[in-house]
Structures are given as structure tokens and as C-alpha cells.
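**Student:** Handing over target-v4.cif, mmCIF, C-alpha atoms and all ligand atoms.
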data_my_file
#
loop_
_atom_site.label_atom_id
_atom_site.label_comp_id
_atom_site.auth_asym_id
_atom_site.auth_seq_id
_atom_site.Cartn_x
_atom_site.Cartn_y
_atom_site.Cartn_z
CA MET A 188 -0.44 -110.77 70.70
CA THR A 189 -1.39 -112.61 67.55
CA GLU A 190 -3.51 -110.95 64.89
CA LYS A 191 -6.01 -112.07 62.26
CA TYR A 192 -5.94 -110.49 58.82
CA HIS A 193 -8.26 -110.95 55.88
CA SER A 194 -7.58 -109.82 52.32
CA PRO A 195 -8.95 -110.58 48.85
CA VAL A 196 -5.54 -111.96 47.88
CA LEU A 197 -2.70 -113.43 49.89
CA ILE A 198 0.68 -113.76 48.19
CA ILE A 199 3.15 -116.22 49.66
CA GLY A 200 6.74 -115.55 48.65
CA SER A 201 8.86 -112.51 47.88
CA GLY A 202 10.84 -113.30 44.74
CA ALA A 203 10.26 -111.76 41.34
CA ALA A 204 6.96 -113.67 40.96
CA GLY A 205 5.55 -112.65 44.36
CA TYR A 206 6.48 -108.98 44.07
CA THR A 207 5.15 -108.70 40.53
CA ALA A 208 1.88 -110.34 41.57
CA ALA A 209 1.76 -107.83 44.44
CA ILE A 210 2.34 -104.82 42.17
CA TYR A 211 -0.44 -105.87 39.80
CA THR A 212 -2.99 -106.88 42.45
CA ALA A 213 -2.32 -103.71 44.46
CA ARG A 214 -2.86 -101.59 41.38
CA ALA A 215 -6.13 -103.48 40.84
CA ASN A 216 -7.21 -102.35 44.36
CA LEU A 217 -7.16 -105.91 45.71
CA GLN A 218 -5.24 -104.90 48.89
CA PRO A 219 -2.72 -107.74 48.68
CA ARG A 220 -0.89 -108.99 51.71
CA LEU A 221 2.45 -110.57 50.95
CA ILE A 222 4.32 -112.88 53.31
CA SER A 223 7.99 -112.68 52.48
CA GLY A 224 9.27 -116.02 53.84
CA MET A 225 12.68 -116.91 55.23
CA GLU A 226 14.72 -115.30 52.46
CA PRO A 227 13.09 -112.02 51.46
CA GLY A 228 13.87 -111.35 47.80
CA GLY A 229 14.39 -115.02 46.97
CA GLN A 230 17.09 -116.48 44.74
CA MET A 231 18.04 -113.12 43.20
CA THR A 232 19.48 -112.05 46.53
CA ILE A 233 22.27 -114.61 46.22
CA THR A 234 23.38 -113.39 42.81
CA THR A 235 25.63 -110.42 42.28
CA ASP A 236 25.73 -108.82 38.81
CA VAL A 237 22.50 -108.96 36.80
CA GLU A 238 22.68 -108.02 33.14
CA ASN A 239 19.65 -109.77 31.71
CA PHE A 240 16.73 -108.14 33.50
CA PRO A 241 15.26 -105.79 30.89
CA GLY A 242 15.18 -102.09 31.61
CA PHE A 243 18.69 -101.52 32.92
CA ALA A 244 21.40 -100.47 30.50
CA ASP A 245 24.08 -100.82 33.17
CA VAL A 246 24.83 -103.87 35.30
CA ILE A 247 22.69 -104.01 38.42
CA GLN A 248 22.93 -106.11 41.58
CA GLY A 249 20.40 -108.88 42.34
CA PRO A 250 19.72 -107.75 45.94
CA TRP A 251 19.24 -104.15 44.77
CA LEU A 252 16.74 -105.26 42.10
CA MET A 253 14.71 -107.17 44.68
CA GLU A 254 14.74 -104.22 47.08
CA GLN A 255 13.40 -102.04 44.26
CA MET A 256 10.64 -104.58 43.54
CA ARG A 257 9.76 -104.68 47.23
CA MET A 258 9.54 -100.89 47.47
CA GLN A 259 7.53 -100.71 44.27
CA ALA A 260 5.06 -103.27 45.64
CA GLU A 261 4.76 -101.27 48.89
CA HIS A 262 4.41 -97.93 47.14
CA VAL A 263 1.38 -99.14 45.21
CA GLY A 264 -0.29 -100.49 48.33
CA THR A 265 0.94 -103.98 49.22
CA GLU A 266 1.21 -104.80 52.89
CA ILE A 267 4.33 -106.90 53.39
CA PHE A 268 4.90 -109.14 56.41
CA ASN A 269 8.37 -110.48 57.22
CA ASP A 270 6.97 -113.76 58.35
CA LEU A 271 6.87 -117.40 57.30
CA ILE A 272 3.71 -119.37 56.54
CA THR A 273 3.94 -122.64 58.44
CA SER A 274 0.56 -124.20 57.62
CA ILE A 275 -2.22 -123.62 55.16
CA ASP A 276 -5.79 -124.83 54.72
CA PHE A 277 -7.11 -124.90 51.17
CA SER A 278 -10.05 -127.17 52.05
CA LYS A 279 -12.55 -124.35 52.59
CA LYS A 280 -12.99 -120.68 51.81
CA PRO A 281 -11.73 -118.28 52.87
CA PHE A 282 -8.35 -120.03 52.71
CA THR A 283 -6.46 -119.88 56.00
CA ALA A 284 -2.72 -119.58 56.47
CA VAL A 285 -0.96 -119.56 59.83
CA ALA A 286 2.40 -117.84 60.14
CA ASP A 287 5.41 -118.50 62.33
CA SER A 288 4.54 -115.38 64.36
CA GLY A 289 1.19 -116.97 65.25
CA ASN A 290 -0.69 -114.49 63.05
CA THR A 291 -3.48 -115.91 60.88
CA PHE A 292 -4.11 -114.76 57.34
CA THR A 293 -7.36 -115.53 55.58
CA ALA A 294 -7.91 -114.76 51.93
CA ASP A 295 -10.37 -115.27 49.08
CA THR A 296 -7.52 -116.15 46.72
CA VAL A 297 -3.91 -117.23 47.21
CA ILE A 298 -0.93 -116.80 44.92
CA VAL A 299 1.79 -119.30 45.77
CA ALA A 300 5.17 -117.85 44.77
CA THR A 301 7.48 -119.65 47.17
CA GLY A 302 10.09 -120.40 44.48
CA ALA A 303 12.70 -123.10 44.36
CA LYS A 304 16.16 -123.48 45.74
CA ALA A 305 19.17 -124.57 43.76
CA ARG A 306 20.79 -127.62 45.30
CA TRP A 307 24.37 -127.00 46.32
CA LEU A 308 27.25 -129.35 47.00
CA GLY A 309 27.47 -128.21 50.62
CA LEU A 310 31.17 -127.31 50.65
CA GLU A 311 32.48 -124.48 52.80
CA SER A 312 34.49 -123.15 49.86
CA GLU A 313 31.32 -123.18 47.74
CA ASP A 314 29.64 -120.79 50.18
CA LYS A 315 32.66 -118.54 50.14
CA PHE A 316 32.73 -118.16 46.33
CA LYS A 317 28.97 -118.05 45.63
CA GLY A 318 28.47 -115.03 43.39
CA TYR A 319 32.26 -114.78 42.93
CA GLY A 320 32.88 -117.62 40.49
CA VAL A 321 30.39 -120.16 41.79
CA SER A 322 26.89 -119.99 40.31
CA ALA A 323 23.79 -122.10 39.86
CA CYS A 324 22.60 -120.34 36.71
CA ALA A 325 24.54 -120.32 33.44
CA THR A 326 21.99 -118.15 31.66
CA CYS A 327 22.42 -115.52 34.36
CA ASP A 328 26.19 -115.61 34.79
CA GLY A 329 27.70 -117.31 31.71
CA PHE A 330 28.31 -113.98 30.01
CA PHE A 331 30.92 -113.09 32.63
CA TYR A 332 33.16 -115.95 31.45
CA ARG A 333 33.87 -114.82 27.91
CA GLY A 334 37.13 -116.37 26.75
CA LYS A 335 37.59 -118.22 30.06
CA GLU A 336 37.48 -121.82 31.29
CA VAL A 337 34.54 -123.07 33.32
CA ALA A 338 33.22 -126.32 34.75
CA VAL A 339 29.70 -127.62 35.31
CA VAL A 340 28.78 -130.22 37.93
CA GLY A 341 25.87 -132.59 37.28
CA GLY A 342 24.60 -135.18 34.84
CA GLY A 343 20.96 -134.20 34.23
CA ASN A 344 19.29 -132.08 31.54
CA THR A 345 20.14 -128.87 33.34
CA ALA A 346 23.86 -129.64 33.59
CA VAL A 347 24.09 -130.61 29.93
CA GLU A 348 22.05 -127.62 28.75
CA GLU A 349 24.14 -125.31 30.89
CA ALA A 350 27.39 -126.79 29.56
CA LEU A 351 26.16 -126.34 25.97
CA TYR A 352 25.02 -122.80 26.69
CA LEU A 353 28.35 -121.91 28.29
CA THR A 354 30.21 -122.79 25.08
CA THR A 355 28.76 -119.62 23.58
CA HIS A 356 30.87 -117.62 26.03
CA ALA A 357 33.67 -119.70 27.52
CA ASP A 358 36.67 -121.07 25.62
CA LYS A 359 36.49 -124.42 27.36
CA VAL A 360 33.78 -126.14 29.38
CA THR A 361 34.34 -129.23 31.52
CA LEU A 362 31.37 -131.28 32.64
CA ILE A 363 32.05 -133.15 35.87
CA HIS A 364 29.75 -136.01 36.77
CA ARG A 365 29.87 -138.35 39.77
CA ARG A 366 29.05 -141.37 37.61
CA SER A 367 30.05 -142.45 34.11
CA GLN A 368 26.51 -142.22 32.75
CA LEU A 369 24.47 -139.09 32.24
CA ARG A 370 20.77 -139.01 33.06
CA ALA A 371 20.16 -136.22 30.52
CA GLU A 372 18.12 -136.92 27.39
CA LYS A 373 20.03 -138.81 24.69
CA ILE A 374 19.89 -135.98 22.17
CA LEU A 375 21.45 -133.60 24.67
CA GLN A 376 24.09 -136.16 25.57
CA GLN A 377 25.00 -136.50 21.92
CA ARG A 378 25.35 -132.74 21.48
CA LEU A 379 27.49 -132.55 24.58
CA LEU A 380 29.80 -135.39 23.69
CA GLU A 381 30.28 -134.13 20.14
CA HIS A 382 31.00 -130.53 21.12
CA GLU A 383 34.59 -129.54 20.50
CA LYS A 384 34.70 -127.05 23.38
CA ILE A 385 33.40 -129.53 25.97
CA GLN A 386 35.35 -132.17 27.83
CA THR A 387 33.82 -134.57 30.34
CA ILE A 388 35.29 -135.87 33.55
CA TRP A 389 33.54 -139.00 34.81
CA ASP A 390 33.28 -140.55 38.28
CA CYS A 391 34.49 -137.40 39.99
CA VAL A 392 33.18 -135.11 42.69
CA VAL A 393 34.31 -131.63 43.64
CA GLU A 394 36.13 -131.72 46.98
CA GLU A 395 37.12 -128.08 47.22
CA ILE A 396 36.94 -124.81 45.33
CA ILE A 397 40.19 -122.91 45.30
CA GLY A 398 40.56 -119.20 44.62
CA ASP A 399 42.04 -115.79 45.24
CA GLU A 400 41.12 -113.64 48.20
CA ASN A 401 41.57 -110.20 46.71
CA PRO A 402 39.64 -109.82 44.56
CA LEU A 403 37.62 -112.86 45.57
CA GLY A 404 37.48 -115.29 42.64
CA VAL A 405 37.78 -118.95 41.66
CA THR A 406 41.02 -120.23 40.12
CA ALA A 407 40.71 -124.03 40.36
CA ILE A 408 38.76 -126.96 41.74
CA LYS A 409 39.99 -130.04 43.52
CA LEU A 410 38.41 -133.24 42.17
CA ARG A 411 38.26 -136.69 43.72
CA ASN A 412 37.72 -139.78 41.63
CA VAL A 413 35.05 -141.75 43.50
CA LYS A 414 36.44 -145.07 42.23
CA THR A 415 40.15 -144.58 42.84
CA ASN A 416 40.12 -141.72 45.39
CA GLU A 417 42.75 -140.03 43.25
CA ILE A 418 42.79 -136.24 43.69
CA ASN A 419 43.36 -133.87 40.79
CA GLU A 420 43.18 -130.13 40.33
CA LEU A 421 41.48 -128.46 37.38
CA SER A 422 42.05 -124.79 36.56
CA VAL A 423 38.77 -122.93 36.04
CA HIS A 424 37.50 -119.38 36.44
CA GLY A 425 33.93 -120.38 37.06
CA LEU A 426 32.03 -123.34 38.49
CA PHE A 427 28.36 -123.94 37.73
CA ILE A 428 26.49 -126.25 40.06
CA ALA A 429 23.63 -127.96 38.19
CA ILE A 430 22.62 -130.80 40.48
CA GLY A 431 18.92 -129.98 40.55
CA HIS A 432 16.51 -127.64 42.27
CA THR A 433 14.10 -128.22 45.10
CA PRO A 434 10.77 -126.38 44.91
CA SER A 435 9.72 -124.82 48.22
CA THR A 436 6.45 -126.67 48.53
CA ASP A 437 6.70 -128.65 51.79
CA ILE A 438 3.75 -126.87 53.42
CA PHE A 439 1.53 -127.57 50.39
CA SER A 440 2.26 -131.28 50.30
CA GLY A 441 -0.96 -133.27 49.90
CA LYS A 442 -2.99 -130.06 49.60
CA ILE A 443 -2.44 -129.15 45.96
CA SER A 444 -1.49 -131.07 42.80
CA MET A 445 2.25 -131.39 42.35
CA ASP A 446 4.46 -133.39 40.03
CA ARG A 447 6.83 -136.12 41.22
CA GLU A 448 9.52 -133.57 42.04
CA GLY A 449 7.19 -131.37 44.10
CA TYR A 450 6.59 -128.60 41.54
CA ILE A 451 3.03 -127.24 41.62
CA ILE A 452 1.08 -128.15 38.49
CA THR A 453 -0.69 -125.29 36.75
CA ALA A 454 -3.14 -125.42 33.85
CA PRO A 455 -1.70 -124.81 30.35
CA ASP A 456 -1.24 -121.09 29.59
CA SER A 457 -2.43 -120.27 33.09
CA THR A 458 -1.29 -120.06 36.70
CA ALA A 459 -4.44 -121.81 37.97
CA THR A 460 -3.83 -124.83 40.18
CA ASN A 461 -6.27 -127.68 40.76
CA ILE A 462 -7.83 -125.67 43.61
CA SER A 463 -10.24 -122.98 42.49
CA GLY A 464 -8.91 -119.63 43.76
CA VAL A 465 -5.32 -120.80 44.28
CA PHE A 466 -2.73 -119.77 41.71
CA ALA A 467 0.99 -120.52 41.46
CA ALA A 468 3.66 -118.38 39.84
CA GLY A 469 7.42 -118.43 39.36
CA ASP A 470 9.92 -121.19 39.97
CA VAL A 471 7.53 -123.09 42.25
CA GLN A 472 5.71 -124.13 39.05
CA ASP A 473 8.49 -123.73 36.47
CA LYS A 474 11.43 -126.11 36.31
CA ILE A 475 12.42 -125.24 32.77
CA PHE A 476 13.05 -121.50 32.42
CA ARG A 477 13.79 -120.35 36.01
CA GLN A 478 14.54 -116.75 35.11
CA ALA A 479 13.65 -113.67 37.14
CA VAL A 480 11.93 -112.23 34.11
CA THR A 481 9.82 -115.36 33.49
CA ALA A 482 8.95 -115.52 37.20
CA ALA A 483 7.87 -111.88 37.02
CA GLY A 484 5.83 -112.75 33.92
CA THR A 485 3.93 -115.56 35.62
CA GLY A 486 3.48 -113.33 38.71
CA CYS A 487 1.72 -110.85 36.45
CA MET A 488 -0.39 -113.65 34.94
CA ALA A 489 -1.42 -114.84 38.41
CA ALA A 490 -2.46 -111.33 39.42
CA LEU A 491 -4.58 -110.88 36.29
CA GLU A 492 -6.16 -114.29 36.81
CA VAL A 493 -6.94 -113.43 40.45
CA GLU A 494 -8.55 -110.18 39.35
CA LYS A 495 -10.71 -112.00 36.82
CA TYR A 496 -11.56 -114.76 39.31
CA LEU A 497 -12.69 -112.28 41.97
CA SER A 498 -14.77 -110.30 39.50
CA GLU A 499 -16.81 -113.35 38.53
CA PRO A 500 -20.19 -113.16 40.32
CA THR A 501 -20.23 -116.76 41.56
CA LYS A 502 -16.97 -116.38 43.56
P1 LIG A 601 18.22 -133.93 37.81
O1 LIG A 601 17.71 -134.34 39.13
O2 LIG A 601 17.64 -134.52 36.58
O3 LIG A 601 19.79 -134.21 37.74
C1 LIG A 601 20.63 -133.85 38.79
C2 LIG A 601 22.02 -134.34 38.44
O4 LIG A 601 22.90 -133.89 39.47
C3 LIG A 601 22.13 -135.87 38.38
O5 LIG A 601 22.94 -136.23 37.30
C4 LIG A 601 22.78 -136.23 39.71
O6 LIG A 601 23.66 -137.33 39.63
C5 LIG A 601 23.61 -135.01 40.00
N1 LIG A 601 23.79 -134.79 41.42
C6 LIG A 601 22.82 -134.71 42.38
N2 LIG A 601 23.37 -134.45 43.58
C7 LIG A 601 24.71 -134.38 43.38
C8 LIG A 601 25.81 -134.13 44.24
N3 LIG A 601 25.65 -133.90 45.54
N4 LIG A 601 27.05 -134.14 43.70
C9 LIG A 601 27.23 -134.35 42.39
N5 LIG A 601 26.22 -134.58 41.52
C10 LIG A 601 24.97 -134.59 42.02
O7 LIG A 601 18.11 -132.32 37.82
P2 LIG A 601 18.00 -131.30 36.60
O8 LIG A 601 18.03 -129.95 37.20
O9 LIG A 601 19.00 -131.60 35.57
O10 LIG A 601 16.56 -131.57 36.02
C11 LIG A 601 15.41 -131.49 36.87
C12 LIG A 601 14.16 -131.80 36.05
O11 LIG A 601 13.92 -130.78 35.10
C13 LIG A 601 14.29 -133.10 35.26
O12 LIG A 601 13.05 -133.70 35.21
C14 LIG A 601 14.69 -132.61 33.89
O13 LIG A 601 14.37 -133.53 32.87
C15 LIG A 601 13.90 -131.32 33.80
N6 LIG A 601 14.54 -130.38 32.87
C16 LIG A 601 14.11 -130.36 31.59
C17 LIG A 601 14.68 -129.53 30.67
C18 LIG A 601 14.17 -129.55 29.30
O14 LIG A 601 13.23 -130.27 29.04
N7 LIG A 601 14.76 -128.80 28.40
C19 LIG A 601 15.77 -128.61 31.03
C20 LIG A 601 16.17 -128.73 32.40
C21 LIG A 601 15.56 -129.59 33.27
P3 LIG A 601 23.11 -138.83 39.39
O15 LIG A 601 22.78 -138.89 37.92
O16 LIG A 601 24.27 -139.67 39.78
O17 LIG A 601 21.92 -138.98 40.27
#
Could you take the file, read its structure, and then write that structure out as C-alpha cells?
**Tutor:**
Amino acid sequence: MTEKYHSPVLIIGSGAAGYTAAIYTARANLQPRLISGMEPGGQMTITTDVENFPGFADVIQGPWLMEQMRMQAEHVGTEIFNDLITSIDFSKKPFTAVADSGNTFTADTVIVATGAKARWLGLESEDKFKGYGVSACATCDGFFYRGKEVAVVGGGNTAVEEALYLTTHADKVTLIHRRSQLRAEKILQQRLLEHEKIQTIWDCVVEEIIGDENPLGVTAIKLRNVKTNEINELSVHGLFIAIGHTPSTDIFSGKISMDREGYIITAPDSTATNISGVFAAGDVQDKIFRQAVTAAGTGCMAALEVEKYLSEPTK
């Protein structure tokens, strides 16, 4: 039997932004309901070691951190549903969201925290080594490649910034791009091309990631030149995929202001969207920083803005 639920605030998404918003709104007695989506815990659940989330002197695991956030949100009073919102109506209040289970959630305010997904190459070997030498976040995992050789795939701002960042840890960084022209900003290109630790390989795609079984780890990548079909192997310990992210905003399409790439637009220094009472936090509105700690930060901002919004007499 399907149910109908109403709450002052509905949080959609269960990454660092969603859980933080839940912790703050629950502690403000706003009885949040949080819908966790298809991948409870979000992007952090596909990382292994986490060393940059403040508060932990020892290395922690991404999935563990998200489980802790979930439990913390529940302990302070969040009701969490393992469900997926499939349609939403922002045209009138209360806002109405329908879930895959058939349940309907109405709410006076909504915090969208559905995140973004890194784009992957789609290779079987990439799946196998994700978290074991294959990563989509240099800031998160670069530190583990001190004194080693790594490669970055992509030709946009992210790929170039990641390659530059990785030079602070790795001995050698190879940028692999499928064309011979980067789409990154010129200033970044210049820094990349002038960097003594970085080499570039043009017109090549990764065909396969090669590695050891025990312990699981990357040792090399097989590259194919798209012009000549020539195959070469490159020895690396780590491979960073930086071919873009896709924000998880399909269900909001046409219902809320987004940029060309589908990221939700929020007001400066705020999580407010163009719809009064709807807020967005985390990677769904941030294509620059994309860190768990910044997502948590905007989740907190959204919660405080919801609290203020609901306390205003006209709402
Ligand atoms: P982009 O979409 O800009 O670039 C993706 C890159 O990956 C392109 O070079 C593309 O190649 C390549 N690529 C895509 N698919 C594949 C594939 N299957 N195999 C191999 N290569 C592939 O993504 P970014 O994440 O770099 O940037 C996203 C947005 O965020 C941009 O607007 C960017 O400007 C912005 N950004 C801004 C920053 C800043 O201002 N500091 C920092 C980071 C991002 P091709 O060029 O051939 O299409």
C-alpha cells in the first residue's frame, strides 16, 4: 500500500550534502525526511581511503564515513527512506514528490542534494581497479601517489587542473587526450605544457587498465592512437579519469533553473534556487570544488536557510 507523508523539509539525496542538511534540520526540530536515492551515501561510497575529511587523524574509509553520517542523521531525528524520487512538482505548495515505491512526499521546503556522477570510460578493467589505482578525484587520492607515476585522461579544465595538482605528489604525470587540442583555458594549458613533470600524449584513448591481482593495483595502461590504431603500453601506478561529471538533475529538468550542463543554479553566497522554498546543496550545484567537505558545508547552509525561510511569517 502506498503512503503519503508530509514534512516541513524534504531532502533528496544521501551524500555528504544531504546528510549534513538532515543533521542540521533535524536538530532544528524540522522533522526532515530524506530520500536516499539509488546509491545511498553517494560518491564517497566508491572511494576507499579518505584522508582529507577533517576530524579523523587516521585514514578512514569513504563508505564508513557515509554510514556514520547516516546514523548521525537518524540519531538526531531524520526519517530516511531507501527510495528514489521519480517525479516532482515545484509549481505549487506544498511541493509534491512521488517515489519509485509509489509513496508521495509533500513538503513546505525541499533541499535538492542529488549530487553528480563522475563520467567513466566504461572499461571492464576500470571497474575492477576503481579505488585501487583508478580514481576520479586527484584532490582526494593524489596523496597516495607520492614519488610514483600517474596518468590523467581528459582535455578539459578538470583534467589539466588535476594533472597540475598531481605534480605536487607524483614524480611524473602523463596527460592523455583523445585529440591534439585541449579544451581547457589557455592559461591552464600553458602551465601544463611548461611543467617539467608533465608529459602529454595526444590522440590516444585508454583501451585497458592492467594491474596486479594481489594486492589489487594498477601497473600500466594500454593506449590506442585513434589516428594510427597503434597500441602502446604506459607504466603507471595510478590513473585519474577527468572526462567530466554529470549532475543528477534529470527529474528537475524544466522545473528549476540550471546551467547548460545541468547544474542547478543557486544565488551567490546562498543555496537558494529560483524557486522560493527550494534549495540546492553539494555537487548538484557545484562543479568547481566537488569535495565531501564543501558538499557538507553547503548542506549546512541549505539547512540554515530552510530554517530561516520557514520562520518567516509570510511562508
Ligand atoms: P569538460 O566537459 O570541459 O571536458 C571533458 C574532457 O574529457 C574533454 O576534453 C573531452 O574530450 C574528454 N572526454 C570526454 N569523454 C571522453 C572519453 N570517453 N574518453 C576520453 N576523453 C573524453 O569537463 P571538465 O570536468 O573538465 O569541466 C566541466 C566544467 O567545469 C567546464 O565548464 C569547466 O570549464 C568547468 N571547470 C572549471 C574549473 C575552474 O574554473 N577552475 C575547474 C574545473 C572545471 P574532447 O575535448 O575531445 O571533447
**Student:** Enclose ligand LIG 601 (chain A), meaning all of its atoms listed in the file, in a box aligned along x, y and z, pad it by 8 Å on each side, and list the centre and edge lengths in Å to one decimal, as JSON.
**Tutor:**
{"center_x": 20.1, "center_y": -134.1, "center_z": 37.0, "size_x": 30.2, "size_y": 27.1, "size_z": 33.1}
**Student:** Show which residues sit within 10 Å of A:Lys373, as a PyMOL selection string. Count all atoms listed in the file, and ignore same-chain residues fewer than 5 positions away.
**Tutor:** chain A and resi 344+378-379
**Student:** Ligand LIG 601 (chain A): which residues are within 8 Å, counting all atoms listed in the file, as a ChimeraX atom specification?
**Tutor:** /A:306-309,340-348,364-366,368-372,392-393,429-432,448,474-476
**Student:** Step by step: start from the point (5.9, -113.0, 40.2) in the file's coordinates, keep every protein, DNA or RNA residue that has an atom no farther than 12 Å from it, count only C-alpha atoms, and write the set as a PyMOL selection string.
**Tutor:** chain A and resi 198-212+221+228-229+253+256-257+260+298-302+458+466-473+477-491
**Student:** Just give me the gap between atom CA of A:Ser312 and atom CA of A:Gly249 in Å, one decimal is fine.
**Tutor:** 21.4 Å
**Student:** With distances taken over all atoms listed in the file, which residue among A:Lys280, A:Lys384, A:Lys335, A:His424 lies nearest A:Val321?
**Tutor:** A:His424
**Student:** I'd like the interatomic distance between atom CA of A:Asn290 and atom CA of A:Gly464, to a tenth of an Å.
**Tutor:**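 Interatomic distance here is 21.6 Å.
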**Student:** Could you check how far atom CA of A:Ser367 sits from atom CA of A:Tyr332, in Å to one decimal?
**Tutor:**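 Spanning atom CA of A:Ser367 to atom CA of A:Tyr332 is a straight-line distance of 26.8 Å.
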**Student:** Quick one: everything within 10 Å of A:Gly404, counting all atoms listed in the file, minus sequence neighbours fewer than 6 positions away in the same chain. Send it as JSON, numbers by chain.
**Tutor:** {"A": [315, 316, 317, 318, 319, 320, 321, 396, 397, 398, 424, 425]}
**Student:** Using all atoms listed in the file and a cutoff of 12 Å, can you tell me which residues are near (26.2, -113.7, 32.7) in the file's coordinates, and write them out as a VMD selection string?
**Tutor:** chain A and resid 234 to 240 246 to 247 318 to 333 349 352 to 353 355 to 357 425 427
**Student:** Of the residues A:Ile418, A:Ile443, A:Ile428, A:Ala303, which is the one nearest to A:Ile363, using only C-alpha atoms?
**Tutor:**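 Of all the options, A:Ile428 lies closest to A:Ile363.
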**Student:** Using only C-alpha atoms, which of the listed residues (A:Glu190, A:Glu261, A:Asp358, A:Asp390) sits closest to A:Asp287?
**Tutor:**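 Looking only at the distances to A:Asp287, the closest residue turns out to be A:Glu190.
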**Student:** Show which residues sit within 10 Å of A:Ser274, as a compact mmCIF listing (two decimals) with C-alpha atoms, in the frame of the given file. Count all atoms listed in the file, and ignore same-chain residues fewer than 5 positions away.
**Tutor:**
# COMPACT_ATOMS: atom_id res chain seq x y z
CA THR A 283 -6.46 -119.88 56.00
CA ALA A 284 -2.72 -119.58 56.47
CA VAL A 285 -0.96 -119.56 59.83
CA ALA A 286 2.40 -117.84 60.14
CA ASP A 287 5.41 -118.50 62.33
CA THR A 291 -3.48 -115.91 60.88
CA ASP A 437 6.70 -128.65 51.79
CA ILE A 438 3.75 -126.87 53.42
CA PHE A 439 1.53 -127.57 50.39
**Student:** Here is a test: counting all atoms listed in the file, which residue of A:Ala350, A:Val465, A:Val339, A:Val493 is nearest to A:Val423?
**Tutor:**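 Looking at the shortest contact to A:Val423, the residue is A:Val339.
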**Student:** Any idea what's packed within 7 Å of A:Ile222, counting all atoms listed in the file, ignoring anything in its chain fewer than 2 positions away? Could you give it as number ranges by chain?
**Tutor:** A: 198-200, 220, 224, 267-271
**Student:** Print the selection's residues with C-alpha atoms to a file, as a CSV table (one decimal), in the coordinates of the input.
**Tutor:**
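Saved result, out_26.csv, follows:
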chain,number,residue,atom,x,y,z
A,198,ILE,CA,0.7,-113.8,48.2
A,199,ILE,CA,3.2,-116.2,49.7
A,200,GLY,CA,6.7,-115.6,48.6
A,220,ARG,CA,-0.9,-109.0,51.7
A,224,GLY,CA,9.3,-116.0,53.8
A,267,ILE,CA,4.3,-106.9,53.4
A,268,PHE,CA,4.9,-109.1,56.4
A,269,ASN,CA,8.4,-110.5,57.2
A,270,ASP,CA,7.0,-113.8,58.4
A,271,LEU,CA,6.9,-117.4,57.3
**Student:** Starting from the block above, write stretch 363-400 of chain A out to a file with C-alpha atoms, as a compact mmCIF listing (two decimals), in the first residue's frame, please.
**Tutor:**
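Result went into selection_26.txt, see below:
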# COMPACT_ATOMS: atom_id res chain seq x y z
CA ILE A 363 46.30 11.55 -22.19
CA HIS A 364 43.86 13.26 -24.52
CA ARG A 365 41.81 11.80 -27.37
CA ARG A 366 42.51 14.82 -29.58
CA SER A 367 45.55 17.02 -30.13
CA GLN A 368 43.86 20.13 -28.76
CA LEU A 369 42.85 20.78 -25.19
CA ARG A 370 39.57 22.48 -24.35
CA ALA A 371 40.97 23.78 -21.04
CA GLU A 372 41.54 27.51 -20.55
CA LYS A 373 44.67 28.83 -22.27
CA ILE A 374 46.40 29.81 -19.04
CA LEU A 375 45.99 26.30 -17.69
CA GLN A 376 47.21 24.82 -20.96
CA GLN A 377 50.31 26.96 -20.76
CA ARG A 378 51.06 25.85 -17.20
CA LEU A 379 50.56 22.24 -18.18
CA LEU A 380 52.72 22.34 -21.27
CA GLU A 381 55.53 24.16 -19.47
CA HIS A 382 55.58 21.86 -16.44
CA GLU A 383 58.70 19.74 -16.28
CA LYS A 384 56.97 16.82 -14.53
CA ILE A 385 54.14 16.59 -17.08
CA GLN A 386 54.20 14.89 -20.46
CA THR A 387 51.26 14.83 -22.86
CA ILE A 388 50.12 12.04 -25.11
CA TRP A 389 47.82 13.24 -27.89
CA ASP A 390 45.22 11.43 -29.99
CA CYS A 391 45.12 8.44 -27.67
CA VAL A 392 42.45 6.61 -25.72
CA VAL A 393 42.82 4.12 -22.90
CA GLU A 394 41.92 0.64 -24.13
CA GLU A 395 42.66 -1.31 -20.98
CA ILE A 396 43.96 -0.90 -17.45
CA ILE A 397 46.48 -3.52 -16.46
CA GLY A 398 47.40 -4.45 -12.91
CA ASP A 399 48.24 -6.90 -10.17
CA GLU A 400 45.68 -9.12 -8.52
